[in-house]
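What's in protein_14.txt: compact mmCIF, C-alpha atoms
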# COMPACT_ATOMS: atom_id res chain seq x y z
CA MET A 1 113.89 -61.28 24.75
CA ASP A 2 117.31 -62.31 26.04
CA TYR A 3 118.90 -59.78 28.36
CA GLN A 4 122.47 -59.78 29.60
CA ALA A 5 121.24 -57.94 32.73
CA LYS A 6 118.07 -56.54 34.25
CA LEU A 7 118.78 -53.46 36.34
CA SER A 8 116.51 -51.91 38.92
CA ALA A 9 116.18 -48.17 38.22
CA PRO A 10 114.46 -45.43 40.25
CA PHE A 11 111.48 -45.59 37.87
CA GLY A 12 111.30 -49.33 37.14
CA MET A 13 113.35 -52.09 35.55
CA LEU A 14 115.78 -51.83 32.62
CA GLY A 15 116.67 -54.71 30.31
CA ILE A 16 120.25 -54.51 29.04
CA ARG A 17 121.09 -56.12 25.69
CA CYS A 18 124.71 -56.51 24.57
CA ASP A 19 126.58 -58.46 21.96
CA ASP A 20 130.22 -59.50 22.40
CA ALA A 21 131.58 -55.98 21.88
CA ALA A 22 128.90 -53.34 22.37
CA LEU A 23 125.64 -52.27 24.00
CA ILE A 24 122.82 -52.83 21.51
CA GLY A 25 119.75 -51.96 23.56
CA ILE A 26 118.17 -50.72 26.76
CA ASP A 27 114.53 -51.65 27.23
CA PHE A 28 112.08 -50.29 29.79
CA LEU A 29 110.55 -53.38 31.40
CA LEU A 30 107.58 -53.86 33.70
CA ALA A 31 108.34 -52.95 37.31
CA SER A 32 107.23 -56.48 38.25
CA GLU A 33 110.25 -57.98 36.43
CA SER A 34 112.98 -59.41 38.67
CA PRO A 35 116.51 -58.03 38.53
CA GLN A 36 119.09 -60.21 36.76
CA ARG A 37 122.80 -60.09 37.45
CA ALA A 38 124.99 -59.17 34.51
CA VAL A 39 126.18 -62.22 32.59
CA SER A 40 129.13 -60.48 30.91
CA ALA A 41 131.78 -57.91 31.79
CA LEU A 42 130.28 -55.51 29.25
CA ALA A 43 126.79 -55.79 30.71
CA GLU A 44 128.29 -55.23 34.18
CA ARG A 45 130.03 -52.06 32.90
CA VAL A 46 126.77 -50.79 31.40
CA CYS A 47 124.95 -51.40 34.71
CA GLU A 48 127.69 -49.66 36.71
CA GLN A 49 127.56 -46.63 34.42
CA LEU A 50 123.76 -46.44 34.58
CA LEU A 51 123.85 -46.66 38.38
CA ARG A 52 126.44 -43.84 38.47
CA TYR A 53 124.12 -41.76 36.25
CA PHE A 54 121.18 -42.40 38.61
CA GLU A 55 123.34 -41.09 41.46
CA ASN A 56 124.88 -38.21 39.50
CA PRO A 57 123.34 -36.96 36.23
CA ASP A 58 126.76 -35.64 35.17
CA ALA A 59 128.19 -39.15 35.03
CA GLU A 60 129.51 -39.95 31.57
CA PHE A 61 128.79 -43.09 29.60
CA MET A 62 131.91 -44.73 28.23
CA VAL A 63 130.67 -47.88 26.58
CA ALA A 64 130.71 -48.95 22.95
CA LEU A 65 127.34 -48.70 21.21
CA LYS A 66 126.20 -50.75 18.24
CA LEU A 67 123.43 -48.98 16.37
CA THR A 68 121.51 -50.24 13.39
CA ALA A 69 119.88 -47.17 11.91
CA THR A 70 118.96 -45.23 8.84
CA PRO A 71 121.16 -42.24 7.99
CA HIS A 72 118.38 -39.93 9.25
CA GLN A 73 118.10 -41.78 12.57
CA GLN A 74 121.87 -41.59 12.99
CA LYS A 75 121.76 -37.80 12.48
CA VAL A 76 118.92 -37.38 14.97
CA TRP A 77 120.56 -39.62 17.58
CA GLN A 78 123.86 -37.74 17.22
CA ALA A 79 122.02 -34.43 17.62
CA MET A 80 120.29 -35.74 20.76
CA ARG A 81 123.66 -36.71 22.25
CA SER A 82 124.82 -33.11 21.80
CA ILE A 83 121.96 -31.68 23.92
CA PRO A 84 123.58 -30.81 27.27
CA ARG A 85 122.28 -32.36 30.47
CA GLY A 86 119.59 -30.17 32.02
CA GLU A 87 118.52 -28.76 28.65
CA THR A 88 115.87 -29.76 26.15
CA ARG A 89 115.19 -29.14 22.47
CA ARG A 90 111.84 -29.14 20.77
CA TYR A 91 111.19 -31.62 17.96
CA GLY A 92 110.82 -28.67 15.58
CA GLU A 93 114.13 -27.11 16.66
CA LEU A 94 115.98 -30.34 16.05
CA ALA A 95 114.15 -30.77 12.75
CA ALA A 96 115.21 -27.29 11.59
CA GLU A 97 118.84 -28.02 12.53
CA LEU A 98 118.75 -31.27 10.58
CA HIS A 99 116.67 -30.01 7.61
CA SER A 100 113.99 -32.52 8.49
CA SER A 101 110.44 -32.50 9.87
CA ALA A 102 109.33 -32.61 13.49
CA ARG A 103 107.43 -35.82 12.78
CA ALA A 104 110.55 -37.52 11.34
CA VAL A 105 112.56 -36.41 14.37
CA GLY A 106 109.84 -37.83 16.64
CA GLN A 107 109.91 -41.13 14.76
CA ALA A 108 113.69 -41.32 15.14
CA CYS A 109 113.35 -40.58 18.86
CA GLY A 110 110.82 -43.39 19.20
CA ALA A 111 113.14 -45.78 17.34
CA ASN A 112 116.08 -45.06 19.67
CA PRO A 113 117.29 -48.47 20.93
CA ILE A 114 119.51 -47.05 23.68
CA PRO A 115 117.48 -44.52 25.67
CA ILE A 116 119.12 -42.66 28.55
CA ILE A 117 122.57 -42.97 26.95
CA ILE A 118 121.14 -41.55 23.71
CA PRO A 119 118.96 -39.00 25.56
CA CYS A 120 115.72 -38.95 23.59
CA HIS A 121 114.03 -37.76 26.79
CA ARG A 122 115.65 -34.34 26.17
CA VAL A 123 113.48 -33.79 23.08
CA VAL A 124 110.10 -32.26 23.92
CA GLY A 125 107.01 -30.97 22.15
CA LYS A 126 106.29 -27.35 21.26
CA SER A 127 103.67 -27.01 23.97
CA GLY A 128 104.54 -29.75 26.43
CA LEU A 129 106.45 -32.88 27.16
CA GLY A 130 105.81 -34.59 23.83
CA GLY A 131 105.91 -38.36 23.66
CA PHE A 132 108.22 -41.04 24.96
CA MET A 133 108.60 -44.66 23.86
CA HIS A 134 105.77 -44.20 21.33
CA HIS A 135 103.35 -43.06 24.05
CA ALA A 136 101.76 -39.67 24.64
CA SER A 137 100.55 -40.48 28.16
CA GLY A 138 100.91 -42.93 31.03
CA ASP A 139 103.96 -44.53 32.63
CA PRO A 140 106.41 -43.75 29.79
CA LEU A 141 105.84 -40.03 30.30
CA GLU A 142 106.42 -40.45 34.04
CA ILE A 143 109.81 -41.97 33.18
CA LYS A 144 110.56 -39.01 30.88
CA ARG A 145 109.54 -36.58 33.66
CA TRP A 146 111.79 -38.40 36.13
CA LEU A 147 114.78 -38.29 33.77
CA LEU A 148 114.33 -34.59 33.01
CA ALA A 149 113.88 -33.70 36.70
CA HIS A 150 116.93 -35.81 37.61
CA GLU A 151 119.04 -33.91 35.08
CA GLN A 152 117.96 -30.52 36.44
CA ARG A 153 120.15 -31.00 39.53

structure tokens encoding of this file:
Amino acid sequence: MDYQAKLSAPFGMLGIRCDDAALIGIDFLLASESPQRAVSALAERVCEQLLRYFENPDAEFMVALKLTATPHQQKVWQAMRSIPRGETRRYGELAAELHSSARAVGQACGANPIPIIIPCHRVVGKSGLGGFMHHASGDPLEIKRWLLAHEQR
């Protein structure tokens, strides 16, 4: 995968993917990956905004996003962006709002190409954390826990 930057985060490494005009993806990489300086002004802006967020969870993201998605995914991702920092919604709650199913909401969360900025970590299960990055246990859930704890400040 070609990345325009690899950014060290408090919980590991992030791969930043951009085209000429917009952010198209943020990937969680292995912690063993080496950082990579941004190769474009846009990737540099994305990295700066992510670093500000890691310092202050109230930092706003002001970068163009390019999303390829189904209409349902677009609705779910927009709903996730409206969840305030420090709050969560259950998959079922979001599903009821969107006249969907909890499973379909979970699938849209898992398909989110721009985590953190589109805060899929704010969507949790009825009786627990739920999944993250198509995992129900392990390191991905530690990242979700970190993000939620960070936003509780």

Ala111 (chain A) environment, 10 Å, only C-alpha atoms, sequence neighbours closer than 2 positions dropped, as a ChimeraX atom specification: /A:69,73,77,105-109,113-115,120,133-134

Separation of CA of Val63 (chain A) from CA of Leu30 (chain A), in Å and rounded to one decimal: 24.9 Å

Sphere at (128.0, -56.9, 20.0), radius 12 Å, counting all atoms listed in the file: residues as a PyMOL selection string: chain A and resi 4+17-25+40+42-43+63-68

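One finds CA of Arg122 (chain A) at 7.2 Å from CA of Ile83 (chain A).
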
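Among the candidates A:His121, A:Arg81, A:Arg45, A:Lys6, the one nearest to His150 (chain A) when counting only C-alpha atoms is A:His121.
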
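Near Ala31 (chain A), within 10 Å and counting all atoms listed in the file, sit Ser8, Ala9, Phe11, Gly12, Met13 and Leu14 of chain A, not including residues fewer than 5 positions from it in the same chain.
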
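Considering all atoms listed in the file, the residue among A:Leu148, A:Val46, A:Leu98, A:Ile143 positioned nearest to Lys75 (chain A) is A:Leu98.
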
Selected residue, from A:Glu55, A:Glu93, A:Asn112, A:Ile117, that lies nearest to Gln74 (chain A) when counting all atoms listed in the file: A:Asn112

Distance in Å - CA of Arg37 (chain A) versus CA of Ile16 (chain A): 10.4 Å
